[in-house]
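Chemist: Sharing a structure, written as structure tokens. Questions coming.
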Amino acid sequence: MTSVDSQSSGPAGWDYSPAPERTRVPIKDEYGLFIDGAFRAPKSRRRFETINPATEEVLSRVSEAGPADVDAAVEAAKAAGPGWARLKPAERAKFLFRLARRIQERSRELAVLETMDGGKPIKESRDVALPLVAQHFFYHAGWADKLSYAFPGRTPKPVGVCGQIIPWNFPLLMAAWKLAPALACGNTCVLKPAETTSLTALHLAEILQEIELPPGVVNIVTGAGETGAAIVDHPDVKKVAFTGSTEVGKHLARSVAGTGKKLTLELGGKSPNIVFADAAIDQAVEGIVSSIWFNQGHVCCAGSRLFVQESIADEVIDKLAHRMRSLRVGDPLDKNTDVGAINSSTQLKTIERYIDAGGDEGAILHEVNDQPLPEKGFWCRPCFFTGVQPSHVIAREEIFGPVLSVMTFRTPEEALSRANNTPYGLAAGVWTNTGSKIFEIARKLDAGVVWCNTYNKFDASSPFGGFKESGFGREGGLQGLRAYVRL
Ligand code: NAD
Ligand code: MN
């Protein structure tokens with residue numbers, strides 16, 4: 001064996017060939033704001049850096065939209081509104097179809113960029129995120145001229161300017177979830193990506209130019225919380241769609257209250273994954289692994305609380321530890337990487353604080369993955385805790401990292417009451433070979449999505465959204481259109 005560097009060697013020490021996705025992506029030194037169909041220098045004259053969290057290398061400088069920039073974006077969206085709404089629905093559909101196809105054509109570039117800017121493994125951005133992004137636009141292109149079938153007997157009208165604010169964990173997919181239904185229903189948009197992951201949204205803006213989407217129909221402004229707040233508070237914004245933390249979501253609900261603006265919130269989660277003794281155990285273990293460790297646990301619906309029936313707990317824990325040992329942590333651009341970089345140093349510190357809290361409260365940390373980590377960048381090895389009490393902070397609060405809390409139960413009733421014992425209600429998993437149990441448990445779980453004998457499966461036709469403090473409103477499917485029409 002010749003030179004083996006820590007980033008490109010497998011667990012057994014052999015070299016993997018580099019991913020073909022190591023394509024050079026044309027990243028500009030600076031990006032303007034995408035307003036009224038053109039990239040413009042920010043009136044605020046402020047820019048900020050976006051880095052690659054796997055290398056800490058500065059990728060580009062992105063504009064920070066100030067109040068005057070947000071005004072210009074909303075103004076452009078407002079001016080474009082009537083023309084876009086008047087367009088024949090089948091013509092709007094054509095733009096969405098064109099957008100979807102162009103995304104497919106540029107998907108390699110977008111996947112690499114998504115991975116570089118955000119830290120997620122290339123196999124996820126390439127094989128999961130990008131196909132879903134294209135699917136979302138295709139799906140909604142299909143709705144554009146069929147809205148009267150979606151709302152029989154009613155006349156769906158656009159809402160107007162939509163202010164859309166998204167997080168960093170699925171940057172392009174969240175943009176698609178927001179833009180596609182809004183456009184299909186004849187609205188215009190001001191979209192703000194998260195401050196650590198602006199680049200794919202900006203390349204999406206280039207695609208909007210390529211497909212000759214009428215100027216102002218979609219405006220993409222970059223910046224952090226202040227920029228987001230300026231969008232939400234703008235009087236000409238008629239609908240606010242937000243995906244992010246419960247804390248910011250509650251704040252937005254207060255600022256929108258009484259303004260007549262429509263609001264949908266997709267917030268955090270602490271989703272239960274319940275494994276019964278009669279489940280196919282190896283399959284369940286794979287599901288658990290992908291529900292919490294892939295994408296570094298940066299998944300709002302991550303199965304972060306595992307409930308295993310007592311009789312199989314030892315077996316499941318052994319298998320989880322075994323599987324955890326073989327997960328490849330490191331260079332997100334390597335096609336074999338399972339766990340990439342944590343999105344930011346801030347997020348890494350948050351996760352580390354939770355891991356410390358778990359130990360301090362008496363839970364037992366299992367961290368058997370001992371592959372060498374790259375020297376630069378933000379890394380957290382996948383881990384799980386046993387000996388977790390429901391009162392422990394790691395069992396109650398969203399960590400948003402590759403940290404799993406394992407708990408046990410004896411009866412289905414106990415599993416249910418413990419699973420529902422949370423202020424959140426985004427998703428849940430049930431693993432059993434008994435069909436009747438699936439229906440019984442799924443019906444009684446307070447969760448927007450329940451996956452049975454699988455986890456983290458998405459489809460544009462299937463509505464996604466939460467109960468309780470996980471938010472309200474649905475994205476995707478027929479139900480997702482409702483937020484973007486006046487009836
Ligand atoms: P965050 O709430 O801090 O940020 C989300 C977005 O809101 C970013 O674009 C940010 O710039 C913007 N923002 C921040 N403060 C704002 C304010 N006062 N007004 C307007 N906009 C503001 O969350 P985050 O840390 O970036 O993302 C992680 C969180 O997102 C997690 O809690 C996760 O559960 C949640 N999330 C939920 C879903 C879902 O579908 N339910 C999906 C992905 C992420
Ligand atoms: Mn970045």
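Here's how to read the names in the structure tokens: chain A, B, ... by the order shown, residue numbers from 1 in each chain, ligand numbers from 1 in the order shown.
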What's around region 227-230 of chain A at 8 Å? Count only C-alpha atoms, leave out sequence neighbours fewer than 5 positions away in its own chain, and write the answer as JSON, numbers by chain.

Modeler: {"A": [64, 65, 66, 67, 70, 165, 192, 222]}

Chemist: What are the closest atom pairs, with distances in Å to one decimal, for each residue of chain A lying within 12 Å of ligand 2, using only C-alpha atoms and all ligand atoms, rows by chain and rising residue number, as CSV?

Modeler:
residue,atom,partner,partner_atom_place_in_ligand_line,distance
A:Phe48,CA,ligand 2,1 (Mn),10.6
A:Glu49,CA,ligand 2,1 (Mn),8.0
A:Thr50,CA,ligand 2,1 (Mn),4.3
A:Ile51,CA,ligand 2,1 (Mn),4.1
A:Asn52,CA,ligand 2,1 (Mn),5.0
A:Pro53,CA,ligand 2,1 (Mn),6.3
A:Ala54,CA,ligand 2,1 (Mn),9.4
A:Thr55,CA,ligand 2,1 (Mn),10.3
A:Glu56,CA,ligand 2,1 (Mn),8.8
A:Glu57,CA,ligand 2,1 (Mn),9.2
A:Val58,CA,ligand 2,1 (Mn),8.1
A:Leu59,CA,ligand 2,1 (Mn),7.4
A:Ser60,CA,ligand 2,1 (Mn),8.7
A:Arg61,CA,ligand 2,1 (Mn),10.1
A:Val62,CA,ligand 2,1 (Mn),10.2
A:Leu113,CA,ligand 2,1 (Mn),9.5
A:Glu114,CA,ligand 2,1 (Mn),8.8
A:Thr115,CA,ligand 2,1 (Mn),9.1
A:Met116,CA,ligand 2,1 (Mn),7.1
A:Asp117,CA,ligand 2,1 (Mn),3.8
A:Gly118,CA,ligand 2,1 (Mn),5.1
A:Gly119,CA,ligand 2,1 (Mn),7.8
A:Lys120,CA,ligand 2,1 (Mn),10.7
A:Pro167,CA,ligand 2,1 (Mn),12.0
A:Trp168,CA,ligand 2,1 (Mn),8.8
A:Asn169,CA,ligand 2,1 (Mn),11.0
A:Pro171,CA,ligand 2,1 (Mn),10.5
A:Pro193,CA,ligand 2,1 (Mn),11.1
A:Ala194,CA,ligand 2,1 (Mn),9.2
A:Glu195,CA,ligand 2,1 (Mn),7.5
A:Thr196,CA,ligand 2,1 (Mn),4.1
A:Thr197,CA,ligand 2,1 (Mn),4.7
A:Ser198,CA,ligand 2,1 (Mn),7.2
A:Leu199,CA,ligand 2,1 (Mn),7.7
A:Thr200,CA,ligand 2,1 (Mn),10.1
A:Ala201,CA,ligand 2,1 (Mn),11.9
A:Ala341,CA,ligand 2,1 (Mn),10.9
A:Ile342,CA,ligand 2,1 (Mn),10.6
A:Asn343,CA,ligand 2,1 (Mn),7.4
A:Ser344,CA,ligand 2,1 (Mn),7.8
A:Ser345,CA,ligand 2,1 (Mn),11.0
A:Gly377,CA,ligand 2,1 (Mn),11.4
A:Phe378,CA,ligand 2,1 (Mn),11.7

Chemist: Go ahead and compute the interatomic distance for CA of Val329 (chain A) and atom 42 (C, counted along the ligand's line) of ligand 1, in Å to one decimal.

Modeler: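 Taking CA of Val329 (chain A) as the start and atom 42 (C, counted along the ligand's line) of ligand 1 as the end point, the length is 22.8 Å.
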
Chemist: Could you list, as a PyMOL selection string, all the residues within 8 Å of ligand 1, counting only C-alpha atoms and all ligand atoms?

Modeler: chain A and resi 165-170+174+192-195+223-232+242-249+251-252+265-269+298-301+347+398+400+426+464-466+470-471

Chemist: Write the selection just made, keeping N, CA and C atoms, as a CSV table (one decimal), in the first residue's frame?

Modeler:
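selection_35.csv was written with the following content:
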chain,number,residue,atom,x,y,z
A,165,ILE,N,-38.0,32.4,3.9
A,165,ILE,CA,-36.8,32.4,4.7
A,165,ILE,C,-36.4,30.9,5.0
A,166,ILE,N,-35.2,30.5,4.7
A,166,ILE,CA,-34.9,29.1,4.7
A,166,ILE,C,-33.6,28.9,5.5
A,167,PRO,N,-33.4,27.6,6.0
A,167,PRO,CA,-32.2,27.3,6.8
A,167,PRO,C,-31.1,26.7,6.0
A,168,TRP,N,-30.0,26.3,6.7
A,168,TRP,CA,-28.8,25.9,6.0
A,168,TRP,C,-28.7,24.3,5.8
A,169,ASN,N,-29.6,23.6,6.3
A,169,ASN,CA,-29.4,22.1,6.3
A,169,ASN,C,-29.7,21.5,5.0
A,170,PHE,N,-30.7,22.0,4.2
A,170,PHE,CA,-31.0,21.5,2.9
A,170,PHE,C,-31.2,22.8,2.0
A,174,MET,N,-34.8,23.3,0.3
A,174,MET,CA,-35.7,24.3,1.0
A,174,MET,C,-36.1,25.4,0.1
A,192,LYS,N,-34.8,34.4,1.0
A,192,LYS,CA,-33.5,34.6,1.7
A,192,LYS,C,-32.9,33.3,2.1
A,193,PRO,N,-31.8,32.9,1.5
A,193,PRO,CA,-31.1,31.7,2.0
A,193,PRO,C,-30.4,31.9,3.4
A,194,ALA,N,-30.0,30.9,4.1
A,194,ALA,CA,-29.3,31.0,5.3
A,194,ALA,C,-27.9,31.6,5.0
A,195,GLU,N,-27.3,32.3,6.0
A,195,GLU,CA,-26.1,33.0,5.8
A,195,GLU,C,-24.9,32.1,5.5
A,223,GLY,N,-28.2,37.4,3.3
A,223,GLY,CA,-28.0,38.1,4.6
A,223,GLY,C,-28.4,37.3,5.8
A,224,ALA,N,-28.3,37.8,7.0
A,224,ALA,CA,-28.6,37.0,8.2
A,224,ALA,C,-30.0,37.4,8.7
A,225,GLY,N,-30.1,37.3,10.1
A,225,GLY,CA,-31.4,37.5,10.7
A,225,GLY,C,-32.0,38.8,10.4
A,226,GLU,N,-31.2,39.9,10.4
A,226,GLU,CA,-31.8,41.2,10.2
A,226,GLU,C,-32.4,41.4,8.8
A,227,THR,N,-31.8,40.8,7.9
A,227,THR,CA,-32.3,40.8,6.5
A,227,THR,C,-33.6,40.0,6.5
A,228,GLY,N,-33.7,38.9,7.2
A,228,GLY,CA,-34.9,38.1,7.3
A,228,GLY,C,-36.0,38.9,7.9
A,229,ALA,N,-35.7,39.6,9.0
A,229,ALA,CA,-36.7,40.3,9.7
A,229,ALA,C,-37.2,41.5,8.8
A,230,ALA,N,-36.4,42.1,8.0
A,230,ALA,CA,-36.8,43.2,7.2
A,230,ALA,C,-37.8,42.6,6.1
A,231,ILE,N,-37.6,41.4,5.7
A,231,ILE,CA,-38.5,40.8,4.7
A,231,ILE,C,-39.9,40.6,5.4
A,232,VAL,N,-39.8,39.9,6.6
A,232,VAL,CA,-41.0,39.5,7.3
A,232,VAL,C,-41.8,40.8,7.6
A,242,PHE,N,-41.5,30.3,6.5
A,242,PHE,CA,-40.2,30.2,7.3
A,242,PHE,C,-39.9,28.7,7.6
A,243,THR,N,-38.7,28.4,7.4
A,243,THR,CA,-38.2,27.1,7.9
A,243,THR,C,-36.9,27.4,8.7
A,244,GLY,N,-36.9,27.0,10.0
A,244,GLY,CA,-35.8,27.2,10.8
A,244,GLY,C,-36.0,26.9,12.2
A,245,SER,N,-35.4,27.6,13.1
A,245,SER,CA,-35.5,27.2,14.5
A,245,SER,C,-36.9,27.6,15.1
A,246,THR,N,-37.3,26.9,16.2
A,246,THR,CA,-38.5,27.2,16.8
A,246,THR,C,-38.5,28.5,17.5
A,247,GLU,N,-37.3,28.9,18.0
A,247,GLU,CA,-37.1,30.2,18.6
A,247,GLU,C,-37.4,31.3,17.7
A,248,VAL,N,-36.8,31.3,16.5
A,248,VAL,CA,-37.1,32.4,15.5
A,248,VAL,C,-38.5,32.3,15.0
A,249,GLY,N,-39.0,31.1,14.8
A,249,GLY,CA,-40.4,30.9,14.4
A,249,GLY,C,-41.4,31.5,15.3
A,251,HIS,N,-40.8,34.0,17.3
A,251,HIS,CA,-40.6,35.4,17.1
A,251,HIS,C,-41.4,35.9,15.9
A,252,LEU,N,-41.3,35.2,14.8
A,252,LEU,CA,-42.0,35.6,13.6
A,252,LEU,C,-43.5,35.6,13.7
A,265,LEU,N,-45.0,27.9,9.2
A,265,LEU,CA,-43.7,27.7,9.9
A,265,LEU,C,-43.4,26.2,9.9
A,266,GLU,N,-42.1,25.9,9.5
A,266,GLU,CA,-41.6,24.6,9.6
A,266,GLU,C,-40.4,24.7,10.6
A,267,LEU,N,-40.6,24.2,11.8
A,267,LEU,CA,-39.6,24.4,12.8
A,267,LEU,C,-38.9,23.2,13.2
A,268,GLY,N,-38.4,23.1,14.5
A,268,GLY,CA,-37.5,22.0,14.9
A,268,GLY,C,-38.3,20.8,15.2
A,269,GLY,N,-37.5,19.8,15.7
A,269,GLY,CA,-38.1,18.5,16.0
A,269,GLY,C,-37.3,17.7,17.0
A,298,HIS,N,-28.1,17.0,10.7
A,298,HIS,CA,-28.6,18.3,10.4
A,298,HIS,C,-29.9,18.1,9.6
A,299,VAL,N,-30.9,17.4,10.2
A,299,VAL,CA,-32.1,17.1,9.6
A,299,VAL,C,-33.2,17.5,10.6
A,300,CYS,N,-34.2,18.3,10.2
A,300,CYS,CA,-35.2,18.7,11.2
A,300,CYS,C,-36.0,17.6,11.7
A,301,CYS,N,-36.2,16.5,10.8
A,301,CYS,CA,-37.0,15.4,11.2
A,301,CYS,C,-36.1,14.2,11.7
A,347,GLN,N,-22.5,25.9,15.3
A,347,GLN,CA,-23.4,24.7,15.4
A,347,GLN,C,-22.5,23.6,16.1
A,398,GLU,N,-33.7,19.8,20.9
A,398,GLU,CA,-33.2,19.5,19.6
A,398,GLU,C,-31.7,19.8,19.6
A,400,PHE,N,-29.6,18.9,16.7
A,400,PHE,CA,-29.3,19.2,15.3
A,400,PHE,C,-27.8,18.8,15.0
A,426,LEU,N,-42.8,16.7,14.7
A,426,LEU,CA,-42.6,16.8,13.2
A,426,LEU,C,-42.7,15.5,12.6
A,464,PHE,N,-45.5,17.7,3.9
A,464,PHE,CA,-44.5,17.6,5.1
A,464,PHE,C,-44.8,18.8,6.0
A,465,GLY,N,-44.8,18.6,7.3
A,465,GLY,CA,-45.0,19.7,8.2
A,465,GLY,C,-45.2,19.2,9.6
A,466,GLY,N,-45.3,20.1,10.6
A,466,GLY,CA,-45.3,19.6,11.9
A,466,GLY,C,-46.6,19.9,12.7
A,470,SER,N,-43.5,22.2,16.4
A,470,SER,CA,-42.8,22.0,15.1
A,470,SER,C,-43.3,22.8,14.0
A,471,GLY,N,-44.4,23.6,14.3
A,471,GLY,CA,-44.9,24.5,13.3
A,471,GLY,C,-46.3,24.2,12.8

Chemist: Expressed in Å to a single decimal, how great is the separation between CA of Phe458 (chain A) and CA of Asp331 (chain A)?

Modeler: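 We find that CA of Phe458 (chain A) and CA of Asp331 (chain A) lie 25.6 Å from each other.
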
Chemist: Run DSSP on the backbone and tell me which residues of region 188-362 of chain A come out as alpha helix (DSSP H); list them as a VMD selection string.

Modeler: chain A and resid 199 to 210 225 to 233 246 to 256 281 to 292 313 to 326 345 to 360

Chemist: Can you tell me which residues surround Val450 (chain A) at a distance of at most 7 Å, considering only C-alpha atoms, apart from same-chain residues fewer than 6 positions away, and format the answer as a PyMOL selection string?

Modeler: chain A and resi 427-429+442

Chemist: If you run DSSP on the backbone, which residues of region 175-204 of chain A are strand (DSSP E or B), as a PyMOL selection string?

Modeler: chain A and resi 188-192

Chemist: Closest to Gly303 (chain A) among A:Cys383, A:Leu404, A:Gln164, A:Phe439, using only C-alpha atoms?

Modeler: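 Closest candidate: A:Leu404.
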
Chemist: List the spatial neighbours of region 207-211 of chain A as an mmCIF file with C-alpha atoms, in the first residue's frame - criterion: any atom at most 12 Å away, only C-alpha atoms, same-chain residues fewer than 3 positions off excluded.

Modeler:
data_model
loop_
_atom_site.group_PDB
_atom_site.id
_atom_site.type_symbol
_atom_site.label_atom_id
_atom_site.label_comp_id
_atom_site.auth_asym_id
_atom_site.auth_seq_id
_atom_site.Cartn_x
_atom_site.Cartn_y
_atom_site.Cartn_z
ATOM 1 C CA PHE A 34 -30.609 39.036 -7.339
ATOM 2 C CA ILE A 35 -33.255 41.721 -7.718
ATOM 3 C CA ASP A 36 -35.578 42.340 -10.664
ATOM 4 C CA GLY A 37 -33.807 39.799 -12.827
ATOM 5 C CA ALA A 38 -30.256 41.123 -12.374
ATOM 6 C CA PHE A 39 -27.397 40.809 -9.910
ATOM 7 C CA ARG A 92 -46.281 29.565 -15.963
ATOM 8 C CA LYS A 94 -43.551 26.027 -18.951
ATOM 9 C CA PHE A 95 -41.222 28.215 -16.891
ATOM 10 C CA LEU A 96 -41.309 25.699 -14.059
ATOM 11 C CA PHE A 97 -40.656 22.781 -16.413
ATOM 12 C CA ARG A 98 -37.751 24.680 -17.941
ATOM 13 C CA LEU A 99 -36.374 25.467 -14.509
ATOM 14 C CA ALA A 100 -36.588 21.810 -13.466
ATOM 15 C CA ARG A 101 -34.805 20.651 -16.604
ATOM 16 C CA ARG A 102 -32.058 23.230 -16.298
ATOM 17 C CA ILE A 103 -31.511 22.205 -12.673
ATOM 18 C CA GLN A 104 -31.076 18.625 -13.852
ATOM 19 C CA GLU A 105 -28.585 19.741 -16.467
ATOM 20 C CA ARG A 106 -26.570 21.718 -13.941
ATOM 21 C CA SER A 107 -27.117 19.260 -11.090
ATOM 22 C CA GLU A 109 -22.325 21.710 -10.340
ATOM 23 C CA LEU A 110 -25.129 22.456 -7.880
ATOM 24 C CA LEU A 179 -40.445 28.709 -4.648
ATOM 25 C CA THR A 200 -26.548 27.421 -4.467
ATOM 26 C CA ALA A 201 -29.454 29.861 -4.233
ATOM 27 C CA LEU A 202 -27.329 32.388 -6.128
ATOM 28 C CA HIS A 203 -26.520 29.841 -8.828
ATOM 29 C CA LEU A 204 -30.225 29.083 -8.954
ATOM 30 C CA PRO A 214 -39.701 37.495 -16.114
ATOM 31 C CA PRO A 215 -37.665 39.934 -13.966
ATOM 32 C CA GLY A 216 -38.923 40.394 -10.421
ATOM 33 C CA VAL A 217 -40.884 37.134 -10.239
ATOM 34 C CA VAL A 218 -38.166 35.668 -8.013
ATOM 35 C CA ASN A 219 -35.737 37.849 -6.076
ATOM 36 C CA ILE A 220 -32.980 36.304 -3.985
#

Chemist: Let me make sure I understand: among A:Arg474, A:Pro374, A:Ser311, A:Val403, which one has the smallest atom-to-atom distance to Thr350 (chain A) if we use only C-alpha atoms?

Modeler: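 Looking only at the distances to Thr350 (chain A), the closest residue turns out to be A:Val403.
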
Chemist: Have a look at CA of Gly387 (chain A) and CA of Lys349 (chain A) and let me know their distance in Å, one decimal.

Modeler: 23.3 Å

Chemist: With distances taken over only C-alpha atoms, which residue among A:Val25, A:Ala363, A:Ala180, A:Ala73 lies nearest Thr386 (chain A)?

Modeler: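 Going through A:Val25, A:Ala363, A:Ala180, A:Ala73 one by one, the smallest distance to Thr386 (chain A) is for A:Ala363.
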
Chemist: Rank A:Tyr484, A:Phe307, A:Phe294, A:Phe276 by their smallest atom-to-atom distance to Trp177 (chain A), using only C-alpha atoms, and report the top residue only.

Modeler: A:Tyr484

Chemist: With only C-alpha atoms as the atoms that count, which of A:Leu445, A:Lys178, A:Val221, A:Thr155 lies nearest to Phe137 (chain A)?

Modeler: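 Using only C-alpha atoms, the shortest distance to Phe137 (chain A) belongs to A:Lys178.
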
Chemist: With a distance cut-off of 10 Å and only C-alpha atoms, select the neighbouring residues of Asp236 (chain A), excluding the residue or stretch itself and same-chain residues fewer than 2 positions from it, and output the selection as an MDAnalysis selection string.

Modeler: chainID A and resid 71 74:75 77:78 160:163 231:234 238:239 261

Chemist: Give me the residues of region 265-319 of chain A that have any atom at most 10 Å from an atom of region 409-412 of chain A; for each, the nearest atom pair and the distance in Å, rounded to one decimal. Use only C-alpha atoms, sort by chain and number, and format it as JSON lines.

Modeler:
{"residue": "A:Ile274", "atom": "CA", "partner": "A:Phe409", "partner_atom": "CA", "distance": 9.2}
{"residue": "A:Val275", "atom": "CA", "partner": "A:Phe409", "partner_atom": "CA", "distance": 9.4}
{"residue": "A:Phe276", "atom": "CA", "partner": "A:Pro412", "partner_atom": "CA", "distance": 8.3}
{"residue": "A:Ala277", "atom": "CA", "partner": "A:Arg410", "partner_atom": "CA", "distance": 9.6}
{"residue": "A:Phe307", "atom": "CA", "partner": "A:Phe409", "partner_atom": "CA", "distance": 6.5}
{"residue": "A:Val308", "atom": "CA", "partner": "A:Phe409", "partner_atom": "CA", "distance": 6.2}
{"residue": "A:Gln309", "atom": "CA", "partner": "A:Phe409", "partner_atom": "CA", "distance": 5.0}
{"residue": "A:Glu310", "atom": "CA", "partner": "A:Phe409", "partner_atom": "CA", "distance": 5.6}
{"residue": "A:Ser311", "atom": "CA", "partner": "A:Arg410", "partner_atom": "CA", "distance": 8.1}
{"residue": "A:Ala313", "atom": "CA", "partner": "A:Phe409", "partner_atom": "CA", "distance": 9.2}
